[in-house]
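Quick look at structure.tsv (TSV, C-alpha atoms):
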chain	number	residue	atom	x	y	z
R	1	MET	CA	-22.53	-3.67	11.22
R	2	GLY	CA	-22.84	-2.67	7.56
R	3	ASP	CA	-21.01	-4.61	4.86
R	4	LEU	CA	-18.03	-2.82	3.40
R	5	TYR	CA	-17.26	-2.90	-0.34
R	6	LEU	CA	-14.59	-1.21	-2.45
R	7	ALA	CA	-14.68	-0.05	-6.09
R	8	LEU	CA	-11.58	0.93	-8.08
R	9	LEU	CA	-12.53	3.15	-11.03
R	10	HIS	CA	-10.59	3.37	-14.29
R	11	HIS	CA	-13.22	5.72	-15.75
R	12	PRO	CA	-14.18	8.52	-15.32
R	13	VAL	CA	-10.92	9.62	-13.73
R	14	LEU	CA	-8.63	12.59	-14.25
R	15	ASP	CA	-5.24	12.73	-15.90
R	16	LYS	CA	-2.55	15.17	-14.80
R	17	THR	CA	-4.03	17.97	-16.89
R	18	GLY	CA	-7.48	17.54	-15.34
R	19	ALA	CA	-8.99	15.90	-18.43
R	20	VAL	CA	-11.40	12.97	-17.94
R	21	VAL	CA	-9.79	9.77	-19.20
R	22	THR	CA	-9.87	5.98	-18.96
R	23	THR	CA	-6.77	4.45	-17.39
R	24	ALA	CA	-5.35	0.99	-17.98
R	25	VAL	CA	-5.79	-1.60	-15.25
R	26	THR	CA	-2.57	-2.11	-13.25
R	27	ASN	CA	-2.07	-5.76	-12.38
R	28	LEU	CA	-0.60	-5.02	-8.95
R	29	ASP	CA	-3.60	-2.86	-8.03
R	30	VAL	CA	-5.78	-5.93	-8.42
R	31	HIS	CA	-3.46	-8.14	-6.35
R	32	ASP	CA	-2.67	-5.66	-3.60
R	33	ILE	CA	-6.21	-4.46	-3.09
R	34	ALA	CA	-7.60	-8.01	-3.23
R	35	ARG	CA	-5.20	-8.98	-0.42
R	36	LEU	CA	-6.29	-5.90	1.53
R	37	ALA	CA	-9.94	-6.79	0.92
R	38	ARG	CA	-9.34	-10.29	2.30
R	39	THR	CA	-7.34	-9.02	5.29
R	40	PHE	CA	-9.81	-6.33	6.24
R	41	ALA	CA	-13.00	-8.33	5.67
R	42	LEU	CA	-14.56	-6.57	2.69
R	43	ARG	CA	-17.49	-8.33	1.00
R	44	ALA	CA	-16.10	-7.66	-2.49
R	45	PHE	CA	-13.66	-5.54	-4.49
R	46	TYR	CA	-15.01	-4.21	-7.83
R	47	VAL	CA	-12.52	-3.52	-10.60
R	48	CYS	CA	-14.44	-1.10	-12.80
R	49	THR	CA	-13.39	-0.56	-16.39
R	50	PRO	CA	-15.47	-0.05	-19.53
R	51	VAL	CA	-12.70	-1.56	-21.69
R	52	GLU	CA	-13.60	-5.11	-22.65
R	53	THR	CA	-10.02	-6.13	-23.57
R	54	GLN	CA	-8.79	-4.96	-20.15
R	55	ARG	CA	-11.44	-7.06	-18.43
R	56	ARG	CA	-10.38	-10.08	-20.48
R	57	LEU	CA	-6.78	-9.55	-19.43
R	58	VAL	CA	-7.71	-9.33	-15.74
R	59	ALA	CA	-9.91	-12.42	-16.10
R	60	ARG	CA	-6.95	-14.30	-17.55
R	61	VAL	CA	-4.68	-13.27	-14.65
R	62	MET	CA	-7.37	-14.31	-12.19
R	63	ARG	CA	-7.81	-17.70	-13.87
R	64	HIS	CA	-4.08	-18.33	-13.41
R	65	TRP	CA	-4.47	-17.96	-9.65
R	66	ASP	CA	-7.91	-19.55	-9.37
R	67	SER	CA	-7.70	-22.69	-11.47
R	68	GLY	CA	-4.32	-22.43	-13.23
R	69	PRO	CA	-0.81	-23.12	-11.91
R	70	GLY	CA	-1.09	-20.28	-9.39
R	71	ALA	CA	-3.82	-22.01	-7.40
R	72	ALA	CA	-1.43	-24.66	-6.08
R	73	TYR	CA	1.59	-22.34	-6.00
R	74	ASN	CA	-0.05	-19.74	-3.78
R	75	PRO	CA	-3.46	-20.61	-2.29
R	76	SER	CA	-3.58	-17.39	-0.22
R	77	ARG	CA	-3.46	-15.36	-3.42
R	78	ARG	CA	-6.39	-17.38	-4.76
R	79	GLU	CA	-8.35	-16.71	-1.58
R	80	ALA	CA	-7.80	-12.95	-1.97
R	81	LEU	CA	-8.60	-12.80	-5.69
R	82	ALA	CA	-11.88	-14.64	-5.06
R	83	LEU	CA	-13.17	-11.29	-3.75
R	84	VAL	CA	-12.53	-9.51	-7.07
R	85	ARG	CA	-15.53	-8.75	-9.29
R	86	GLN	CA	-15.13	-7.13	-12.67
R	87	VAL	CA	-17.77	-4.66	-13.80
R	88	ASP	CA	-18.17	-1.91	-16.41
R	89	ASP	CA	-18.62	1.01	-14.10
R	90	LEU	CA	-19.70	2.31	-10.71
R	91	ASP	CA	-23.38	1.82	-11.54
R	92	ALA	CA	-22.81	-1.87	-12.09
R	93	ALA	CA	-21.00	-2.14	-8.75
R	94	VAL	CA	-23.87	-0.38	-6.97
R	95	THR	CA	-26.40	-2.69	-8.62
R	96	ASP	CA	-24.41	-5.74	-7.57
R	97	VAL	CA	-24.22	-4.59	-3.94
R	98	GLU	CA	-27.98	-4.05	-3.97
R	99	ARG	CA	-28.52	-7.52	-5.45
R	100	GLU	CA	-26.35	-9.08	-2.73
R	101	THR	CA	-27.52	-7.15	0.31
R	102	GLY	CA	-30.99	-5.99	-0.67
R	103	ARG	CA	-29.99	-2.37	-0.03
R	104	LEU	CA	-28.42	0.43	-2.02
R	105	PRO	CA	-24.96	1.15	-0.61
R	106	ARG	CA	-23.90	4.53	0.66
R	107	LEU	CA	-21.18	5.80	-1.71
R	108	VAL	CA	-18.02	7.08	-0.03
R	109	ALA	CA	-15.55	8.75	-2.39
R	110	THR	CA	-11.85	9.04	-1.57
R	111	THR	CA	-9.60	11.90	-2.59
R	112	ALA	CA	-6.10	13.21	-1.92
R	113	ARG	CA	-7.43	16.77	-1.85
R	114	ARG	CA	-8.65	18.72	1.14
R	115	GLY	CA	-12.00	20.43	0.90
R	116	PRO	CA	-15.11	21.40	2.85
R	117	GLY	CA	-17.45	18.80	4.31
R	118	ARG	CA	-15.07	15.84	4.23
R	119	THR	CA	-16.21	12.86	6.29
R	120	THR	CA	-13.66	11.91	8.96
R	121	PHE	CA	-12.38	8.38	9.45
R	122	ASP	CA	-13.79	8.43	12.97
R	123	ALA	CA	-17.25	9.30	11.67
R	124	LEU	CA	-17.22	6.60	9.00
R	125	ARG	CA	-15.90	3.98	11.44
R	126	ALA	CA	-18.69	4.85	13.90
R	127	ARG	CA	-21.30	4.64	11.16
R	128	LEU	CA	-20.03	1.24	10.02
R	129	ALA	CA	-20.36	-0.08	13.56
R	130	ARG	CA	-23.81	1.44	14.07
R	131	GLU	CA	-25.71	1.07	10.81
R	132	ALA	CA	-26.72	-1.91	8.70
R	133	ARG	CA	-26.63	-0.15	5.34
R	134	PRO	CA	-23.72	-1.33	3.15
R	135	GLU	CA	-20.98	1.17	2.30
R	136	LEU	CA	-19.07	1.28	-0.98
R	137	LEU	CA	-15.66	2.98	-0.86
R	138	VAL	CA	-14.79	4.49	-4.24
R	139	PHE	CA	-11.15	4.94	-5.30
R	140	GLY	CA	-9.91	6.53	-8.50
R	141	THR	CA	-6.84	5.63	-10.54
R	142	GLY	CA	-4.82	8.19	-12.53
R	143	TRP	CA	-5.01	11.63	-10.90
R	144	GLY	CA	-8.19	10.76	-9.01
R	145	LEU	CA	-11.96	10.54	-9.42
R	146	ALA	CA	-13.68	12.84	-11.89
R	147	PRO	CA	-15.83	15.61	-10.33
R	148	GLU	CA	-19.01	13.90	-11.56
R	149	VAL	CA	-18.20	10.88	-9.36
R	150	LEU	CA	-17.39	13.02	-6.32
R	151	ALA	CA	-20.69	14.88	-6.87
R	152	ARG	CA	-22.83	11.74	-6.88
R	153	CYS	CA	-21.23	10.18	-3.80
R	154	ASP	CA	-22.93	10.57	-0.42
R	155	ASP	CA	-19.66	11.30	1.36
R	156	VAL	CA	-16.12	12.31	0.52
R	157	LEU	CA	-13.62	10.85	2.96
R	158	GLU	CA	-10.93	13.12	4.39
R	159	PRO	CA	-7.55	12.80	2.63
R	160	ILE	CA	-4.56	10.98	4.09
R	161	CYS	CA	-1.88	13.45	5.10
R	162	GLY	CA	1.64	13.21	6.42
R	163	PRO	CA	3.49	15.89	8.36
R	164	GLY	CA	4.00	17.99	5.20
R	165	PRO	CA	1.98	19.03	2.13
R	166	TYR	CA	3.15	16.15	-0.15
R	167	ASN	CA	0.08	14.08	-1.08
R	168	HIS	CA	1.00	11.75	-3.92
R	169	LEU	CA	0.42	8.24	-2.61
R	170	SER	CA	-0.34	5.37	-4.96
R	171	VAL	CA	-3.94	4.19	-4.90
R	172	ARG	CA	-2.60	0.90	-3.49
R	173	SER	CA	-1.03	2.72	-0.53
R	174	ALA	CA	-4.09	4.88	0.01
R	175	ALA	CA	-6.40	1.85	0.03
R	176	ALA	CA	-4.12	0.10	2.56
R	177	ILE	CA	-4.20	3.06	4.93
R	178	VAL	CA	-7.94	3.72	4.55
R	179	LEU	CA	-8.85	0.09	5.30
R	180	ASP	CA	-6.47	-0.15	8.25
R	181	ARG	CA	-7.91	3.04	9.73
R	182	LEU	CA	-11.49	1.83	9.26
R	183	ARG	CA	-10.88	-1.63	10.72
R	184	ASN	CA	-8.16	-0.95	13.30
R	185	GLY	CA	-8.64	2.71	14.22
R	186	ARG	CA	-9.48	3.65	17.78
G	187	MET	CA	12.65	13.33	17.61
G	188	GLY	CA	14.75	10.58	16.02
G	189	ASP	CA	15.13	10.37	12.26
G	190	LEU	CA	13.21	7.55	10.65
G	191	TYR	CA	14.68	5.43	7.83
G	192	LEU	CA	13.38	2.39	5.94
G	193	ALA	CA	15.27	-0.51	4.34
G	194	LEU	CA	13.69	-2.99	1.91
G	195	LEU	CA	15.70	-6.23	1.80
G	196	HIS	CA	15.90	-8.56	-1.20
G	197	HIS	CA	18.40	-10.78	0.62
G	198	PRO	CA	18.44	-12.65	2.97
G	199	VAL	CA	14.70	-13.30	2.74
G	200	LEU	CA	12.57	-16.43	2.75
G	201	ASP	CA	10.74	-18.10	-0.09
G	202	LYS	CA	7.49	-19.98	0.43
G	203	THR	CA	9.33	-23.15	1.48
G	204	GLY	CA	11.34	-21.30	4.13
G	205	ALA	CA	14.59	-21.36	2.15
G	206	VAL	CA	16.81	-18.25	2.20
G	207	VAL	CA	16.81	-16.62	-1.21
G	208	THR	CA	17.45	-13.38	-3.08
G	209	THR	CA	14.34	-11.84	-4.67
G	210	ALA	CA	14.18	-9.61	-7.71
G	211	VAL	CA	13.49	-5.92	-7.18
G	212	THR	CA	9.87	-5.02	-8.00
G	213	ASN	CA	9.66	-1.66	-9.73
G	214	LEU	CA	6.41	-0.67	-8.01
G	215	ASP	CA	7.92	-1.37	-4.58
G	216	VAL	CA	10.48	1.34	-5.27
G	217	HIS	CA	7.86	3.83	-6.48
G	218	ASP	CA	5.21	3.15	-3.84
G	219	ILE	CA	7.58	3.13	-0.89
G	220	ALA	CA	9.44	6.22	-2.14
G	221	ARG	CA	6.12	8.09	-2.25
G	222	LEU	CA	5.32	6.84	1.26
G	223	ALA	CA	8.77	7.92	2.42
G	224	ARG	CA	8.19	11.41	1.05
G	225	THR	CA	4.67	11.62	2.49
G	226	PHE	CA	5.63	10.42	5.94
G	227	ALA	CA	8.90	12.34	6.27
G	228	LEU	CA	11.50	9.57	6.21
G	229	ARG	CA	15.14	10.63	5.84
G	230	ALA	CA	15.85	7.92	3.24
G	231	PHE	CA	14.59	4.65	1.79
G	232	TYR	CA	17.28	1.99	1.18
G	233	VAL	CA	16.68	-0.55	-1.57
G	234	CYS	CA	19.02	-3.37	-0.55
G	235	THR	CA	20.09	-5.97	-3.09
G	236	PRO	CA	23.41	-7.70	-3.63
G	237	VAL	CA	22.67	-8.17	-7.34
G	238	GLU	CA	24.59	-5.61	-9.38
G	239	THR	CA	22.40	-5.95	-12.49
G	240	GLN	CA	19.29	-5.27	-10.41
G	241	ARG	CA	20.85	-2.12	-9.00
G	242	ARG	CA	21.70	-0.97	-12.52
G	243	LEU	CA	18.09	-1.52	-13.58
G	244	VAL	CA	16.75	0.48	-10.63
G	245	ALA	CA	19.30	3.23	-11.32
G	246	ARG	CA	18.05	3.42	-14.89
G	247	VAL	CA	14.42	3.73	-13.78
G	248	MET	CA	15.41	6.43	-11.30
G	249	ARG	CA	17.34	8.37	-13.97
G	250	HIS	CA	14.19	8.42	-16.09
G	251	TRP	CA	12.36	10.25	-13.32
G	252	ASP	CA	15.26	12.34	-12.10
G	253	SER	CA	16.84	13.72	-15.25
G	254	GLY	CA	15.04	11.90	-18.07
G	255	PRO	CA	11.59	12.53	-19.59
G	256	GLY	CA	9.88	11.64	-16.31
G	257	ALA	CA	11.32	14.67	-14.48
G	258	ALA	CA	9.13	17.09	-16.44
G	259	TYR	CA	6.21	14.68	-16.81
G	260	ASN	CA	5.82	14.07	-13.08
G	261	PRO	CA	7.92	16.25	-10.72
G	262	SER	CA	6.26	14.76	-7.62
G	263	ARG	CA	7.58	11.33	-8.58
G	264	ARG	CA	11.05	12.79	-8.87
G	265	GLU	CA	10.75	14.35	-5.44
G	266	ALA	CA	9.82	10.98	-3.95
G	267	LEU	CA	12.51	8.96	-5.73
G	268	ALA	CA	15.15	11.43	-4.52
G	269	LEU	CA	14.85	9.64	-1.15
G	270	VAL	CA	15.84	6.26	-2.62
G	271	ARG	CA	19.37	5.00	-1.92
G	272	GLN	CA	20.63	1.75	-3.38
G	273	VAL	CA	22.94	-0.39	-1.27
G	274	ASP	CA	24.21	-3.97	-1.17
G	275	ASP	CA	22.74	-5.02	2.13
G	276	LEU	CA	21.46	-4.04	5.54
G	277	ASP	CA	25.01	-3.39	6.82
G	278	ALA	CA	25.55	-0.77	4.14
G	279	ALA	CA	22.27	0.92	5.08
G	280	VAL	CA	23.26	0.99	8.76
G	281	THR	CA	26.66	2.46	7.87
G	282	ASP	CA	25.03	5.13	5.76
G	283	VAL	CA	22.64	6.15	8.55
G	284	GLU	CA	25.59	6.40	10.92
G	285	ARG	CA	27.49	8.52	8.41
G	286	GLU	CA	24.54	10.87	8.04
G	287	THR	CA	23.40	11.18	11.65
G	288	GLY	CA	26.55	10.34	13.61
G	289	ARG	CA	24.70	7.55	15.42
G	290	LEU	CA	24.03	3.88	14.83
G	291	PRO	CA	20.31	3.41	14.17
G	292	ARG	CA	18.12	1.14	16.21
G	293	LEU	CA	17.01	-1.70	13.91
G	294	VAL	CA	13.27	-2.43	13.89
G	295	ALA	CA	12.28	-5.53	11.95
G	296	THR	CA	8.78	-6.02	10.55
G	297	THR	CA	6.99	-9.34	10.22
G	298	ALA	CA	3.54	-10.70	9.40
G	299	ARG	CA	3.91	-13.32	12.12
G	300	ARG	CA	2.86	-13.07	15.73
G	301	GLY	CA	5.40	-13.96	18.40
G	302	PRO	CA	6.64	-13.10	21.86
G	303	GLY	CA	8.20	-9.74	22.67
G	304	ARG	CA	6.88	-7.82	19.68
G	305	THR	CA	7.20	-4.04	19.99
G	306	THR	CA	3.84	-2.30	19.72
G	307	PHE	CA	3.17	0.61	17.39
G	308	ASP	CA	2.34	2.76	20.42
G	309	ALA	CA	5.72	1.99	22.00
G	310	LEU	CA	7.67	2.74	18.83
G	311	ARG	CA	5.75	5.95	18.21
G	312	ALA	CA	6.45	7.10	21.75
G	313	ARG	CA	10.14	6.28	21.40
G	314	LEU	CA	10.38	8.20	18.12
G	315	ALA	CA	8.90	11.27	19.81
G	316	ARG	CA	11.13	10.94	22.89
G	317	GLU	CA	14.55	9.84	21.70
G	318	ALA	CA	17.10	11.31	19.32
G	319	ARG	CA	18.58	8.02	18.13
G	320	PRO	CA	17.66	7.25	14.48
G	321	GLU	CA	15.47	4.23	13.78
G	322	LEU	CA	15.73	1.99	10.73
G	323	LEU	CA	12.59	0.04	9.82
G	324	VAL	CA	13.50	-3.20	8.05
G	325	PHE	CA	11.06	-4.83	5.59
G	326	GLY	CA	11.55	-8.12	3.77
G	327	THR	CA	10.37	-9.07	0.29
G	328	GLY	CA	9.38	-12.63	-0.68
G	329	TRP	CA	7.95	-14.50	2.32
G	330	GLY	CA	9.64	-12.18	4.80
G	331	LEU	CA	12.96	-11.51	6.52
G	332	ALA	CA	15.31	-14.44	7.20
G	333	PRO	CA	15.66	-15.44	10.88
G	334	GLU	CA	19.23	-14.09	10.95
G	335	VAL	CA	17.89	-10.59	10.22
G	336	LEU	CA	15.16	-10.83	12.84
G	337	ALA	CA	17.77	-12.02	15.35
G	338	ARG	CA	20.10	-9.07	14.84
G	339	CYS	CA	17.39	-6.41	15.01
G	340	ASP	CA	16.80	-4.57	18.30
G	341	ASP	CA	13.02	-4.81	17.98
G	342	VAL	CA	10.46	-6.76	16.02
G	343	LEU	CA	7.34	-4.70	15.35
G	344	GLU	CA	3.93	-6.29	15.99
G	345	PRO	CA	2.26	-7.61	12.83
G	346	ILE	CA	-0.65	-5.90	11.08
G	347	CYS	CA	-3.84	-7.86	11.56
G	348	GLY	CA	-7.38	-7.62	10.31
G	349	PRO	CA	-10.46	-9.09	11.95
G	350	GLY	CA	-9.49	-12.61	10.82
G	351	PRO	CA	-6.36	-14.75	10.58
G	352	TYR	CA	-5.49	-13.87	6.95
G	353	ASN	CA	-2.10	-12.11	6.94
G	354	HIS	CA	-0.82	-11.93	3.38
G	355	LEU	CA	-0.44	-8.25	2.62
G	356	SER	CA	2.02	-7.03	0.01
G	357	VAL	CA	5.13	-5.37	1.41
G	358	ARG	CA	3.87	-2.17	-0.23
G	359	SER	CA	0.61	-2.32	1.72
G	360	ALA	CA	2.39	-3.23	4.94
G	361	ALA	CA	4.80	-0.29	4.60
G	362	ALA	CA	1.88	2.07	3.96
G	363	ILE	CA	0.07	0.97	7.10
G	364	VAL	CA	3.17	0.93	9.31
G	365	LEU	CA	4.17	4.47	8.31
G	366	ASP	CA	0.64	5.84	8.70
G	367	ARG	CA	0.38	4.29	12.17
G	368	LEU	CA	3.77	5.70	13.22
G	369	ARG	CA	3.11	9.20	11.90
G	370	ASN	CA	-0.64	9.55	12.37
G	371	GLY	CA	-1.45	7.17	15.21
G	372	ARG	CA	-2.92	8.47	18.42
Full structure transcribed into structure tokens:
Amino acid sequence: MGDLYLALLHHPVLDKTGAVVTTAVTNLDVHDIARLARTFALRAFYVCTPVETQRRLVARVMRHWDSGPGAAYNPSRREALALVRQVDDLDAAVTDVERETGRLPRLVATTARRGPGRTTFDALRARLAREARPELLVFGTGWGLAPEVLARCDDVLEPICGPGPYNHLSVRSAAAIVLDRLRNGR
Amino acid sequence: MGDLYLALLHHPVLDKTGAVVTTAVTNLDVHDIARLARTFALRAFYVCTPVETQRRLVARVMRHWDSGPGAAYNPSRREALALVRQVDDLDAAVTDVERETGRLPRLVATTARRGPGRTTFDALRARLAREARPELLVFGTGWGLAPEVLARCDDVLEPICGPGPYNHLSVRSAAAIVLDRLRNGR
């Protein structure tokens, strides 16, 4: 079974007008997705931002839970945040996966938009069970991944849909559903 | 098909020592679960807190998105938050469902803990498709619903598990997975 990794990108992502921007890191994204990563057995969760001051802020929050007062207050939070790795960008995440596993990961982009050639959850789950190559799920903040990221990824995962056309989940909710489907789907 | 509702309780819930407490409302819980409610076709999402000042704060946030600057900035957020109803407690939510549907809802508690007699997702999904009686999913903040809430509910839904024993998801993540499984499960 291939190792599963997740990267959350804060650049390059879209804003509501379609412009490419850098978003701020949301503290609860780090906590929620770290807990998902721990629950659903990811190897690591990369928080990708090119903004040095944002990385310092996240590092400070993580220190609180790792070696500060939070470590004794809530050990399960510490265990989850131990999976978080901060890097500049997607390239750095890819390099780190290669360093750890000896193989370049397959890049699987996520999107809320329908389109041709989307990879189904069933197909990705089957591939994870069958192949040894690591897979890196890529999530975008803001209004989603910039086209240049979608274009470089090997796969684009099918969007999560409800009964109607509304498709505005938070990236936290989308990550929860994607990981549950990959680990618990039938 | 029965209408599906969700209630998020801030009292009575447990803290990490097992004491019954009242938690503060987390702004992102309201946003994330409202967007889930809209995506997965819930009739309403009840934010339950007995603390009047907390309800005023949530009302102010909702006004921002409903008739304030947020309404034009992000109409999809407005559409989601329109499903939010603030009430004192679970009783008030039950009363409101009865007022709206003419029937008392079945109460389905959620928990991260295993135990005897849990209702499976398959069973609840089948019941939703088969029966007309509304169902009210009950989620707890903090360290989960107090025993008195679990005891009065008609069902307790099986917990969400990963490959290992770690079971510390945020309530936002848990709600996302529960609703996806109920609406998209096979």
*Which of these residues is nearest to chain R, using all atoms listed in the file: G:Leu195, G:Leu267, G:Val206, G:Ala318?*
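Smallest distance to chain R is found for G:Leu267.
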Proximity check chain G to chain R, 10 Å, nearest pairs one decimal Å, all atoms listed in the file, as a tab-separated table:
residue	atom	partner	partner_atom	distance
G:Lys202	CA	R:Asn74	CA	8.6
G:Leu214	CA	R:Leu28	CA	8.3
G:His217	CA	R:Ser170	CA	8.5
G:Asp218	CA	R:Ser170	CA	6.1
G:Ile219	CA	R:Ser173	CA	8.6
G:Ala220	CA	R:Leu169	CA	9.3
G:Arg221	CA	R:Leu169	CA	5.7
G:Leu222	CA	R:Leu169	CA	6.4
G:Ala223	CA	R:Gly162	CA	9.7
G:Arg224	CA	R:Tyr166	CA	7.0
G:Thr225	CA	R:Gly162	CA	5.2
G:Phe226	CA	R:Gly162	CA	4.9
G:Ala227	CA	R:Pro163	CA	6.8
G:Tyr259	CA	R:Lys16	CA	9.0
G:Asn260	CA	R:Lys16	CA	8.6
G:Ser262	CA	R:His168	CA	7.1
G:Arg263	CA	R:His168	CA	8.1
G:Glu265	CA	R:Tyr166	CA	9.4
G:Ala266	CA	R:His168	CA	8.9
G:Ile346	CA	R:Asp180	CA	8.7
G:Cys347	CA	R:Thr39	CA	7.3
G:Gly348	CA	R:Phe40	CA	4.9
G:Pro349	CA	R:Phe40	CA	6.4
G:Gly350	CA	R:Thr39	CA	6.9
G:Pro351	CA	R:Thr39	CA	7.9
G:Tyr352	CA	R:Thr39	CA	5.4
G:Asn353	CA	R:Thr39	CA	6.3
G:His354	CA	R:Arg35	CA	6.5
G:Leu355	CA	R:Arg35	CA	5.7
G:Ser356	CA	R:Asp32	CA	6.1
G:Val357	CA	R:Asp32	CA	9.3
G:Arg358	CA	R:Ser173	CA	6.9
G:Ser359	CA	R:Ala176	CA	5.4
G:Ala360	CA	R:Ala176	CA	7.7
G:Ala361	CA	R:Ser173	CA	8.3
G:Ala362	CA	R:Ser173	CA	5.4
G:Ile363	CA	R:Ile177	CA	5.2
G:Val364	CA	R:Ile177	CA	8.8
G:Leu365	CA	R:Ile177	CA	9.1
G:Asp366	CA	R:Ile177	CA	6.7
G:Arg367	CA	R:Ile177	CA	8.7
G:Arg369	CA	R:Gly162	CA	6.9
G:Asn370	CA	R:Gly162	CA	7.3
G:Gly371	CA	R:Gly185	CA	8.5
G:Arg372	CA	R:Arg186	CA	8.2
For Trp329 (chain G), find every residue with an atom within 9 Å (counting all atoms listed in the file), except residues of its own chain fewer than 5 positions away, and show them as a PyMOL selection string. chain G and resi 199-204
Between CA of Phe325 (chain G) and CA of Ala298 (chain G), measure the distance and give it in Å to one decimal.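 Going from CA of Phe325 (chain G) over to CA of Ala298 (chain G), I get 10.3 Å.
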Item to complete: Select all residues near (-8.8, 13.6, 0.5) (cut-off 8 Å, inclusive, file coordinates), counting only C-alpha atoms, and output them as an NGL selection string.
Response: :R and (110-115 or 118 or 156-160)
Got time to write the residues from that selection, C-alpha atoms, as a PDB file, in the coordinates of the input?
ATOM      1  CA  THR R 110     -11.850   9.040  -1.570  1.00  0.00           C
ATOM      2  CA  THR R 111      -9.600  11.900  -2.590  1.00  0.00           C
ATOM      3  CA  ALA R 112      -6.100  13.210  -1.920  1.00  0.00           C
ATOM      4  CA  ARG R 113      -7.430  16.770  -1.850  1.00  0.00           C
ATOM      5  CA  ARG R 114      -8.650  18.720   1.140  1.00  0.00           C
ATOM      6  CA  GLY R 115     -12.000  20.430   0.900  1.00  0.00           C
ATOM      7  CA  ARG R 118     -15.070  15.840   4.230  1.00  0.00           C
ATOM      8  CA  VAL R 156     -16.120  12.310   0.520  1.00  0.00           C
ATOM      9  CA  LEU R 157     -13.620  10.850   2.960  1.00  0.00           C
ATOM     10  CA  GLU R 158     -10.930  13.120   4.390  1.00  0.00           C
ATOM     11  CA  PRO R 159      -7.550  12.800   2.630  1.00  0.00           C
ATOM     12  CA  ILE R 160      -4.560  10.980   4.090  1.00  0.00           C
TER      13      ILE R 160
END
With distances taken over only C-alpha atoms, the candidate from R:Met1, R:Cys153, R:Ala24, R:Ala146 nearest Thr53 (chain R) is R:Ala24
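Among the candidates R:Leu136, R:Ala59, R:Asp122, R:Pro12, the one nearest to Ala44 (chain R) when counting all atoms listed in the file is R:Leu136.
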Residues near Glu135 (chain R), cut-off 6 Å, all atoms listed in the file, skip fewer than 2 positions along chain, as a VMD selection string: chain R and resid 4 105 to 106
Query raised in the report: Just how far from CA of Glu98 (chain R) is CA of Ala129 (chain R), in Å to one decimal?
Result: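 Computed distance, CA of Ala129 (chain R) to CA of Glu98 (chain R), equals 19.5 Å.
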